[in-house]
$ cat final.txt   # compact mmCIF, C-alpha atoms and all ligand atoms
# COMPACT_ATOMS: atom_id res chain seq x y z
CA MET D 1 7.09 20.81 -9.43
CA ALA D 2 10.30 21.00 -7.36
CA THR D 3 13.44 19.42 -8.81
CA THR D 4 14.50 16.24 -7.06
CA THR D 5 17.52 14.05 -6.59
CA TRP D 6 15.44 10.87 -6.83
CA THR D 7 17.60 8.04 -8.16
CA ARG D 8 15.44 4.92 -7.64
CA HIS D 9 14.63 3.47 -11.03
CA HIS D 10 12.23 0.74 -9.84
CA VAL D 11 9.91 0.76 -6.79
CA LEU D 12 9.67 -2.90 -5.77
CA SER D 13 9.86 -2.87 -1.96
CA LEU D 14 10.04 -0.45 0.95
CA ALA D 15 12.61 -2.59 2.79
CA ASP D 16 15.47 -0.34 1.68
CA PHE D 17 13.62 2.99 1.39
CA THR D 18 15.48 5.84 3.06
CA PRO D 19 13.83 8.58 5.19
CA GLU D 20 14.74 11.04 2.43
CA GLU D 21 12.89 8.92 -0.14
CA TYR D 22 9.78 8.66 2.05
CA ASN D 23 9.79 12.43 2.53
CA THR D 24 10.32 13.09 -1.18
CA VAL D 25 7.28 10.93 -2.01
CA LEU D 26 5.20 12.64 0.70
CA GLN D 27 6.13 16.15 -0.39
CA THR D 28 5.70 15.39 -4.10
CA ALA D 29 2.31 13.81 -3.42
CA ALA D 30 1.31 16.96 -1.48
CA SER D 31 2.13 19.04 -4.57
CA PHE D 32 0.03 16.75 -6.75
CA ARG D 33 -2.82 16.85 -4.25
CA GLU D 34 -2.84 20.61 -4.85
CA VAL D 35 -2.93 20.00 -8.63
CA LEU D 36 -5.88 17.63 -8.12
CA SER D 37 -7.79 20.32 -6.23
CA ARG D 38 -7.69 22.65 -9.25
CA ARG D 39 -10.41 22.90 -11.87
CA THR D 40 -8.01 21.55 -14.51
CA LYS D 41 -6.49 18.54 -12.78
CA LYS D 42 -3.88 17.72 -15.37
CA VAL D 43 -0.18 18.56 -15.86
CA PRO D 44 1.99 17.84 -18.94
CA THR D 45 4.81 16.22 -16.92
CA LEU D 46 4.82 12.78 -18.57
CA GLN D 47 3.53 13.81 -21.99
CA GLY D 48 4.77 11.34 -24.60
CA GLN D 49 5.56 8.62 -22.06
CA VAL D 50 3.74 5.29 -21.93
CA VAL D 51 2.64 3.67 -18.65
CA ALA D 52 1.49 0.03 -18.92
CA ASN D 53 -0.65 -1.43 -16.15
CA LEU D 54 0.05 -5.16 -16.18
CA PHE D 55 -2.37 -6.69 -13.69
CA PHE D 56 -2.24 -10.48 -13.52
CA GLU D 57 -4.52 -10.47 -10.44
CA PRO D 58 -7.81 -8.61 -9.81
CA SER D 59 -7.76 -5.02 -8.53
CA THR D 60 -10.11 -2.07 -8.30
CA ARG D 61 -8.31 0.68 -6.39
CA THR D 62 -4.68 0.16 -7.37
CA ARG D 63 -5.28 -0.38 -11.06
CA SER D 64 -7.74 2.48 -11.54
CA SER D 65 -5.74 4.95 -9.49
CA PHE D 66 -2.50 4.17 -11.34
CA GLU D 67 -4.37 4.66 -14.61
CA LEU D 68 -5.87 7.94 -13.43
CA ALA D 69 -2.52 9.08 -12.00
CA ALA D 70 -0.80 8.42 -15.34
CA LYS D 71 -3.55 10.26 -17.22
CA ARG D 72 -3.38 13.25 -14.86
CA LEU D 73 0.34 13.41 -15.73
CA SER D 74 -0.56 13.31 -19.45
CA ALA D 75 1.05 9.90 -20.07
CA ASP D 76 -0.48 7.41 -22.50
CA THR D 77 -1.76 4.32 -20.69
CA LEU D 78 -2.02 0.68 -21.69
CA ASN D 79 -4.20 -1.61 -19.60
CA PHE D 80 -3.64 -5.34 -19.60
CA ALA D 81 -5.95 -7.94 -18.05
CA ALA D 82 -4.62 -11.48 -17.79
CA SER D 83 -7.93 -13.16 -18.56
CA THR D 84 -8.26 -11.51 -21.99
CA SER D 85 -4.56 -11.62 -22.90
CA SER D 86 -2.36 -14.02 -24.85
CA LEU D 87 -1.24 -15.52 -21.53
CA THR D 88 -4.29 -17.75 -22.06
CA LYS D 89 -2.55 -19.05 -25.23
CA GLY D 90 0.66 -19.93 -23.41
CA GLU D 91 2.71 -16.72 -23.67
CA THR D 92 5.04 -16.28 -20.70
CA ILE D 93 4.98 -13.30 -18.33
CA LEU D 94 8.45 -12.15 -19.42
CA ASP D 95 7.44 -12.36 -23.10
CA THR D 96 4.31 -10.35 -22.26
CA ALA D 97 6.47 -7.69 -20.60
CA LYS D 98 8.86 -7.66 -23.59
CA THR D 99 5.86 -7.21 -25.90
CA TYR D 100 4.87 -4.07 -23.99
CA LEU D 101 8.51 -2.94 -24.07
CA ALA D 102 8.51 -3.27 -27.87
CA MET D 103 5.50 -0.91 -28.01
CA GLY D 104 7.58 1.80 -26.33
CA THR D 105 6.47 1.42 -22.72
CA ASP D 106 8.44 3.65 -20.31
CA MET D 107 7.01 2.37 -17.00
CA MET D 108 5.33 -0.89 -16.04
CA VAL D 109 2.99 -1.20 -13.06
CA ILE D 110 2.76 -4.87 -12.14
CA ARG D 111 0.50 -6.93 -9.88
CA HIS D 112 0.77 -10.70 -9.61
CA ARG D 113 -0.45 -13.37 -7.19
CA GLU D 114 3.12 -14.73 -6.90
CA ALA D 115 5.79 -12.90 -4.89
CA GLY D 116 8.76 -11.82 -6.99
CA VAL D 117 7.16 -11.30 -10.41
CA PRO D 118 7.70 -7.49 -10.53
CA GLN D 119 11.30 -8.08 -9.41
CA ALA D 120 11.80 -10.66 -12.18
CA ILE D 121 10.48 -8.26 -14.82
CA ALA D 122 12.63 -5.41 -13.45
CA SER D 123 15.71 -7.67 -13.62
CA GLU D 124 14.87 -8.59 -17.21
CA MET D 125 14.53 -4.91 -18.17
CA ASP D 126 17.88 -4.17 -16.52
CA ARG D 127 19.49 -7.17 -18.27
CA LEU D 128 18.21 -5.85 -21.60
CA GLY D 129 19.76 -2.46 -20.76
CA VAL D 130 16.50 -0.53 -21.26
CA ARG D 131 15.31 2.39 -19.13
CA VAL D 132 11.95 0.98 -18.14
CA GLY D 133 10.89 1.59 -14.54
CA VAL D 134 8.95 -1.20 -12.82
CA LEU D 135 6.51 -0.47 -9.99
CA ASN D 136 5.29 -3.27 -7.75
CA ALA D 137 1.48 -2.95 -7.44
CA GLY D 138 1.27 -5.97 -5.12
CA ASP D 139 3.09 -9.31 -5.45
CA GLY D 140 1.66 -12.27 -3.55
CA GLN D 141 2.22 -11.93 0.19
CA HIS D 142 5.42 -9.98 -0.33
CA GLU D 143 4.82 -6.21 -0.65
CA HIS D 144 2.47 -3.48 -1.82
CA PRO D 145 4.68 -0.37 -1.62
CA SER D 146 2.30 2.17 -3.17
CA GLN D 147 -0.47 1.16 -0.72
CA ALA D 148 1.84 1.68 2.27
CA LEU D 149 2.98 5.02 0.87
CA LEU D 150 -0.60 6.21 0.42
CA ASP D 151 -1.40 5.03 3.96
CA LEU D 152 1.60 7.02 5.21
CA PHE D 153 0.49 10.07 3.22
CA THR D 154 -3.08 9.77 4.57
CA ILE D 155 -1.89 9.70 8.18
CA CYS D 156 0.79 12.38 7.81
CA THR D 157 -1.53 14.82 6.00
CA LEU D 158 -4.09 14.38 8.77
CA ILE D 159 -1.44 15.59 11.24
CA ASP D 160 0.07 18.32 9.03
CA PRO D 161 -1.85 18.87 5.76
CA ASP D 162 0.72 21.31 4.35
CA ARG D 163 3.96 19.50 5.21
CA PRO D 164 3.47 15.73 5.44
CA ARG D 165 6.71 14.08 6.58
CA LEU D 166 7.89 10.86 8.16
CA GLU D 167 8.93 12.46 11.44
CA LEU D 168 5.29 13.33 12.30
CA LEU D 169 4.68 9.71 13.31
CA LYS D 170 7.47 9.56 15.88
CA ASP D 171 5.86 8.64 19.22
CA LYS D 172 2.56 7.58 17.59
CA LYS D 173 1.07 4.17 18.35
CA ILE D 174 -0.28 2.34 15.31
CA ALA D 175 -2.15 -0.97 15.52
CA ILE D 176 -2.33 -3.32 12.51
CA VAL D 177 -5.11 -5.85 13.09
CA GLY D 178 -6.11 -8.81 10.93
CA ASP D 179 -4.64 -11.33 8.53
CA ILE D 180 -1.02 -10.24 8.89
CA LEU D 181 0.33 -13.57 7.59
CA HIS D 182 -1.10 -13.17 4.09
CA SER D 183 -0.92 -9.38 3.87
CA ARG D 184 1.55 -7.72 1.52
CA VAL D 185 0.09 -4.41 2.72
CA ALA D 186 1.06 -5.18 6.32
CA ARG D 187 4.62 -6.07 5.30
CA SER D 188 5.07 -2.77 3.42
CA ASN D 189 3.38 -0.86 6.26
CA ILE D 190 5.73 -2.41 8.81
CA TRP D 191 8.73 -1.07 6.85
CA SER D 192 7.34 2.45 6.43
CA LEU D 193 5.81 2.89 9.88
CA THR D 194 8.78 1.60 11.85
CA ALA D 195 11.04 3.80 9.68
CA SER D 196 9.03 6.76 10.96
CA GLY D 197 9.80 5.97 14.59
CA ALA D 198 6.24 4.90 15.40
CA GLU D 199 5.36 2.02 17.71
CA VAL D 200 3.73 -0.63 15.52
CA HIS D 201 1.54 -3.22 17.23
CA LEU D 202 0.43 -6.28 15.23
CA ALA D 203 -2.64 -8.18 16.43
CA ALA D 204 -4.16 -11.39 15.01
CA PRO D 205 -5.00 -14.96 15.99
CA PRO D 206 -1.77 -17.02 16.32
CA THR D 207 -2.49 -18.81 13.02
CA LEU D 208 -2.40 -15.47 11.20
CA LEU D 209 0.54 -13.93 13.07
CA PRO D 210 3.54 -16.24 13.36
CA GLN D 211 6.20 -15.39 15.94
CA LEU D 212 8.75 -14.91 13.12
CA PHE D 213 7.20 -11.49 12.45
CA ALA D 214 8.99 -10.33 15.62
CA GLU D 215 12.23 -10.46 13.61
CA PHE D 216 10.75 -8.65 10.61
CA VAL D 217 12.50 -5.36 11.19
CA THR D 218 15.84 -4.61 12.75
CA ASP D 219 17.67 -1.34 12.89
CA THR D 220 14.68 1.03 12.61
CA PRO D 221 13.87 3.97 14.88
CA GLY D 222 10.42 2.45 15.61
CA LYS D 223 9.50 -0.70 17.49
CA LEU D 224 7.40 -3.71 16.52
CA PHE D 225 5.19 -5.62 19.00
CA LEU D 226 3.15 -8.81 18.47
CA HIS D 227 -0.18 -9.57 20.19
CA TRP D 228 -2.52 -12.56 19.89
CA GLN D 229 -5.36 -10.56 21.41
CA VAL D 230 -6.61 -7.26 20.06
CA GLU D 231 -6.93 -5.18 23.23
CA PRO D 232 -3.19 -4.61 23.97
CA ALA D 233 -2.73 -3.39 20.40
CA LEU D 234 -5.70 -1.02 20.58
CA GLN D 235 -4.92 0.41 24.03
CA ASP D 236 -4.07 4.13 23.49
CA ALA D 237 -3.59 3.65 19.75
CA ASP D 238 -3.59 6.75 17.54
CA PHE D 239 -4.34 4.83 14.35
CA VAL D 240 -5.83 1.39 13.72
CA MET D 241 -5.22 -0.34 10.40
CA THR D 242 -7.58 -3.22 9.73
CA LEU D 243 -6.92 -5.97 7.19
CA ARG D 244 -9.15 -8.30 5.19
CA LEU D 245 -8.98 -12.03 5.79
CA GLN D 246 -7.36 -13.16 2.54
CA LYS D 247 -9.16 -16.44 2.12
CA GLU D 248 -7.86 -16.75 -1.44
CA ARG D 249 -4.34 -17.19 -0.01
CA MET D 250 -5.28 -19.60 2.80
CA THR D 251 -4.21 -23.10 1.84
CA GLN D 252 -5.28 -24.68 5.12
CA TYR D 253 -7.80 -24.27 7.94
CA LEU D 254 -6.68 -21.17 9.85
CA LEU D 255 -9.89 -19.73 11.33
CA PRO D 256 -12.76 -21.01 13.45
CA SER D 257 -15.47 -18.98 11.66
CA LEU D 258 -15.93 -15.44 10.35
CA ARG D 259 -18.44 -14.76 13.15
CA GLU D 260 -15.96 -15.86 15.81
CA TYR D 261 -13.16 -13.87 14.14
CA HIS D 262 -15.32 -10.72 14.24
CA GLN D 263 -16.18 -11.39 17.87
CA HIS D 264 -12.50 -11.52 18.89
CA PHE D 265 -10.71 -9.26 16.37
CA GLY D 266 -13.37 -7.25 14.49
CA ILE D 267 -12.91 -3.48 14.85
CA THR D 268 -16.07 -1.82 16.19
CA ARG D 269 -16.92 1.51 17.79
CA ASN D 270 -17.07 -0.22 21.15
CA ARG D 271 -13.55 -1.66 20.74
CA LEU D 272 -12.16 1.79 19.90
CA ARG D 273 -13.08 3.12 23.36
CA ILE D 274 -9.66 2.12 24.72
CA CYS D 275 -7.81 3.97 21.92
CA GLN D 276 -6.95 7.68 21.90
CA SER D 277 -10.17 9.73 21.75
CA ASP D 278 -9.30 11.01 18.25
CA VAL D 279 -8.30 7.57 16.91
CA LYS D 280 -8.69 7.00 13.17
CA VAL D 281 -9.26 3.73 11.34
CA LEU D 282 -7.73 2.73 8.01
CA HIS D 283 -8.32 -0.22 5.69
CA PRO D 284 -6.54 -0.79 2.36
CA GLY D 285 -9.67 -2.34 0.82
CA PRO D 286 -11.45 -4.28 -0.41
CA VAL D 287 -13.47 -4.55 2.85
CA ASN D 288 -15.53 -7.49 4.03
CA ARG D 289 -18.14 -5.52 5.99
CA GLY D 290 -19.03 -7.04 9.33
CA VAL D 291 -15.94 -9.27 9.45
CA GLU D 292 -12.73 -7.29 10.06
CA ILE D 293 -14.64 -4.02 10.64
CA SER D 294 -18.26 -3.27 11.51
CA SER D 295 -20.26 -1.76 8.69
CA ASP D 296 -21.31 1.33 10.66
CA LEU D 297 -17.73 2.13 11.69
CA MET D 298 -16.52 1.81 8.11
CA ASP D 299 -18.99 4.51 7.03
CA ASP D 300 -18.45 6.82 10.02
CA PRO D 301 -16.40 9.88 8.95
CA GLN D 302 -15.53 10.60 12.58
CA PHE D 303 -13.31 7.50 12.60
CA SER D 304 -12.92 6.14 9.09
CA LEU D 305 -10.16 7.27 6.71
CA ILE D 306 -11.01 4.60 4.14
CA GLN D 307 -12.30 6.95 1.43
CA THR D 308 -9.48 9.40 2.15
CA GLN D 309 -7.01 6.59 1.53
CA VAL D 310 -8.51 6.03 -1.92
CA THR D 311 -8.29 9.76 -2.69
CA SER D 312 -4.67 9.88 -1.44
CA GLY D 313 -3.85 6.99 -3.77
CA VAL D 314 -4.10 9.12 -6.90
CA ALA D 315 -1.73 11.84 -5.62
CA VAL D 316 0.76 9.32 -4.23
CA ARG D 317 0.78 7.28 -7.45
CA MET D 318 1.23 10.48 -9.47
CA ALA D 319 4.23 11.22 -7.25
CA LEU D 320 5.74 7.77 -7.84
CA LEU D 321 5.26 7.89 -11.61
CA TYR D 322 6.63 11.45 -11.73
CA LEU D 323 9.69 10.60 -9.63
CA MET D 324 10.45 7.41 -11.54
CA GLY D 325 9.86 9.18 -14.86
CA SER D 326 12.37 11.88 -13.94
CA SER D 327 14.84 9.59 -12.14
CA LYS D 328 18.51 10.57 -12.41
CA ALA D 329 19.61 6.91 -12.20
N1 LIG F 1 -5.77 -2.03 -1.67
C1 LIG F 1 -5.77 -2.66 -2.85
O1 LIG F 1 -4.74 -3.12 -3.34
O2 LIG F 1 -7.01 -2.75 -3.45
P1 LIG F 1 -7.27 -3.38 -4.87
O3 LIG F 1 -7.01 -4.87 -4.75
O4 LIG F 1 -8.71 -3.06 -5.18
O5 LIG F 1 -6.31 -2.76 -5.84

$ encode --input "final.txt" --output "structure tokens"
Amino acid sequence: MATTTWTRHHVLSLADFTPEEYNTVLQTAASFREVLSRRTKKVPTLQGQVVANLFFEPSTRTRSSFELAAKRLSADTLNFAASTSSLTKGETILDTAKTYLAMGTDMMVIRHREAGVPQAIASEMDRLGVRVGVLNAGDGQHEHPSQALLDLFTICTLIDPDRPRLELLKDKKIAIVGDILHSRVARSNIWSLTASGAEVHLAAPPTLLPQLFAEFVTDTPGKLFLHWQVEPALQDADFVMTLRLQKERMTQYLLPSLREYHQHFGITRNRLRICQSDVKVLHPGPVNRGVEISSDLMDDPQFSLIQTQVTSGVAVRMALLYLMGSSKA
């Protein structure tokens, strides 16, 4: 593995990621993808280190791929599930984190339904003066940095498998369609994709895409556009990212019906006809088939990168754990 000048101790948000950091993650993930293609898919890089997965909210992809990534790097892993933990007896989140610290944890991967929890734990670790890296695995509606980085890796490796890099997306048109309002994935994607110089087009019903998103990014090479109909976002798009309707975060009536939503915003083969002929479709998962994307399109390898995204997730999360574990900060 190449030596690096990575200095970021925690990965909590992509808002302040630099182009150099994006490219370091992409290139490191490419090296790990090569490791994962070997017969023996394991390296001793994090031998002796402990990675704790603290998931206070359900997850399939993120949790399992962080666990597998840590194991492929030879780290010891601890897996916490809120429902079977001492949180149910009144222990606080910070005391839970300190309990894992006392067991010798080196890195904590944290998901929580409330925005800001990974940041709060990272601040507590810093206040205690301990070298424990905190990775945000999704906090409320705020951010999901590792998902956006694996999305970036998936797209960039499609364009140049050997040398994925941010600059490959300059001049690309990328549509993000769906429940933007409640999506931490969309927020992280907006940071990474506009940093690449791409044109990013958001499309959703007005209740799921407030005008304030227009001010989301400033000072990036890329541009951000808002649409309350799907067609202008899809027209000539190179990539279409679909998003699940996050009903668990909807506190009020925001949609007419799932059928009507699919009719107006669902991504189907027919809708893709106005995109570039080689358009590809992504979805962070989990998918509600037949709502945000038609079931046949989801399973069509000509268009769908959904399984590739999951595969990319292991290499990208290995890269993050490796870089944080060898941080010079
Ligand atoms: N994309 C994503 O975060 O999926 P999980 O909720 O299954 O981890």

$ residues_near_ligand --input "final.txt" --ligand "ligand LIG 1 (chain F)" --cutoff "7 Å" --atoms "all atoms listed in the file" --output "PyMOL selection string"
chain D and resi 58-63+138+147+284-286

$ closest_atom_pairs --input "final.txt" --of "segment 244-281 of chain D" --to "segment 221-235 of chain D" --cutoff "12 Å" --atoms "all atoms listed in the file" --output "Markdown table"
| residue | atom | partner | partner_atom | distance |
| --- | --- | --- | --- | --- |
| D:Tyr261 | CA | D:Val230 | CA | 11.0 |
| D:His262 | CA | D:Val230 | CA | 11.0 |
| D:Gln263 | CA | D:Val230 | CA | 10.7 |
| D:His264 | CA | D:Val230 | CA | 7.4 |
| D:Phe265 | CA | D:Val230 | CA | 5.9 |
| D:Gly266 | CA | D:Val230 | CA | 8.8 |
| D:Ile267 | CA | D:Val230 | CA | 9.0 |
| D:Thr268 | CA | D:Leu234 | CA | 11.3 |
| D:Arg269 | CA | D:Leu234 | CA | 11.8 |
| D:Asn270 | CA | D:Leu234 | CA | 11.4 |
| D:Arg271 | CA | D:Leu234 | CA | 7.9 |
| D:Leu272 | CA | D:Leu234 | CA | 7.1 |
| D:Arg273 | CA | D:Gln235 | CA | 8.6 |
| D:Ile274 | CA | D:Gln235 | CA | 5.1 |
| D:Cys275 | CA | D:Gln235 | CA | 5.0 |
| D:Gln276 | CA | D:Gln235 | CA | 7.8 |
| D:Ser277 | CA | D:Gln235 | CA | 10.9 |
| D:Val279 | CA | D:Leu234 | CA | 9.7 |
| D:Lys280 | CA | D:Leu234 | CA | 11.3 |
| D:Val281 | CA | D:Leu234 | CA | 11.0 |

$ closest_atom_pairs --input "final.txt" --of "segment 81-159 of chain D" --to "segment 246-259 of chain D" --cutoff "10 Å" --atoms "all atoms listed in the file" --output "tab-separated table"
residue	atom	partner	partner_atom	distance
D:Arg113	CA	D:Arg249	CA	9.0
D:Gly140	CA	D:Arg249	CA	8.5
D:Gln141	CA	D:Arg249	CA	8.4

$ closest_residue --input "final.txt" --among "D:Asn53, D:Thr218, D:Ser327, D:Asn23" --to "Ile190 of chain D" --atoms "only C-alpha atoms"
D:Thr218

$ closest_atom_pairs --input "final.txt" --of "segment 18-131 of chain D" --to "segment 315-325 of chain D" --cutoff "8 Å" --atoms "only C-alpha atoms" --output "CSV"
residue,atom,partner,partner_atom,distance
D:Val25,CA,D:Ala319,CA,6.1
D:Leu26,CA,D:Val316,CA,7.4
D:Thr28,CA,D:Ala319,CA,5.4
D:Ala29,CA,D:Val316,CA,4.8
D:Ala30,CA,D:Ala315,CA,7.3
D:Phe32,CA,D:Ala315,CA,5.3
D:Arg33,CA,D:Ala315,CA,5.3
D:Leu36,CA,D:Ala315,CA,7.5
D:Thr45,CA,D:Tyr322,CA,7.3
D:Leu46,CA,D:Tyr322,CA,7.2
D:Ser65,CA,D:Arg317,CA,7.2
D:Phe66,CA,D:Arg317,CA,6.0
D:Ala69,CA,D:Met318,CA,4.7
D:Ala70,CA,D:Met318,CA,6.5
D:Arg72,CA,D:Met318,CA,7.6
D:Leu73,CA,D:Met318,CA,7.0
D:Asp106,CA,D:Gly325,CA,7.9
D:Met107,CA,D:Gly325,CA,7.7

$ residues_near_point --input "final.txt" --point "(8.3, 8.0, 6.4)" --cutoff "10 Å" --atoms "only C-alpha atoms" --output "VMD selection string"
chain D and resid 17 to 26 148 to 149 152 to 153 156 164 to 170 191 to 198

$ residues_around --input "final.txt" --residues "Leu78 of chain D" --least-positions-apart "3" --cutoff "9 Å" --atoms "all atoms listed in the file" --output "PyMOL selection string"
chain D and resi 50-54+67+100+105
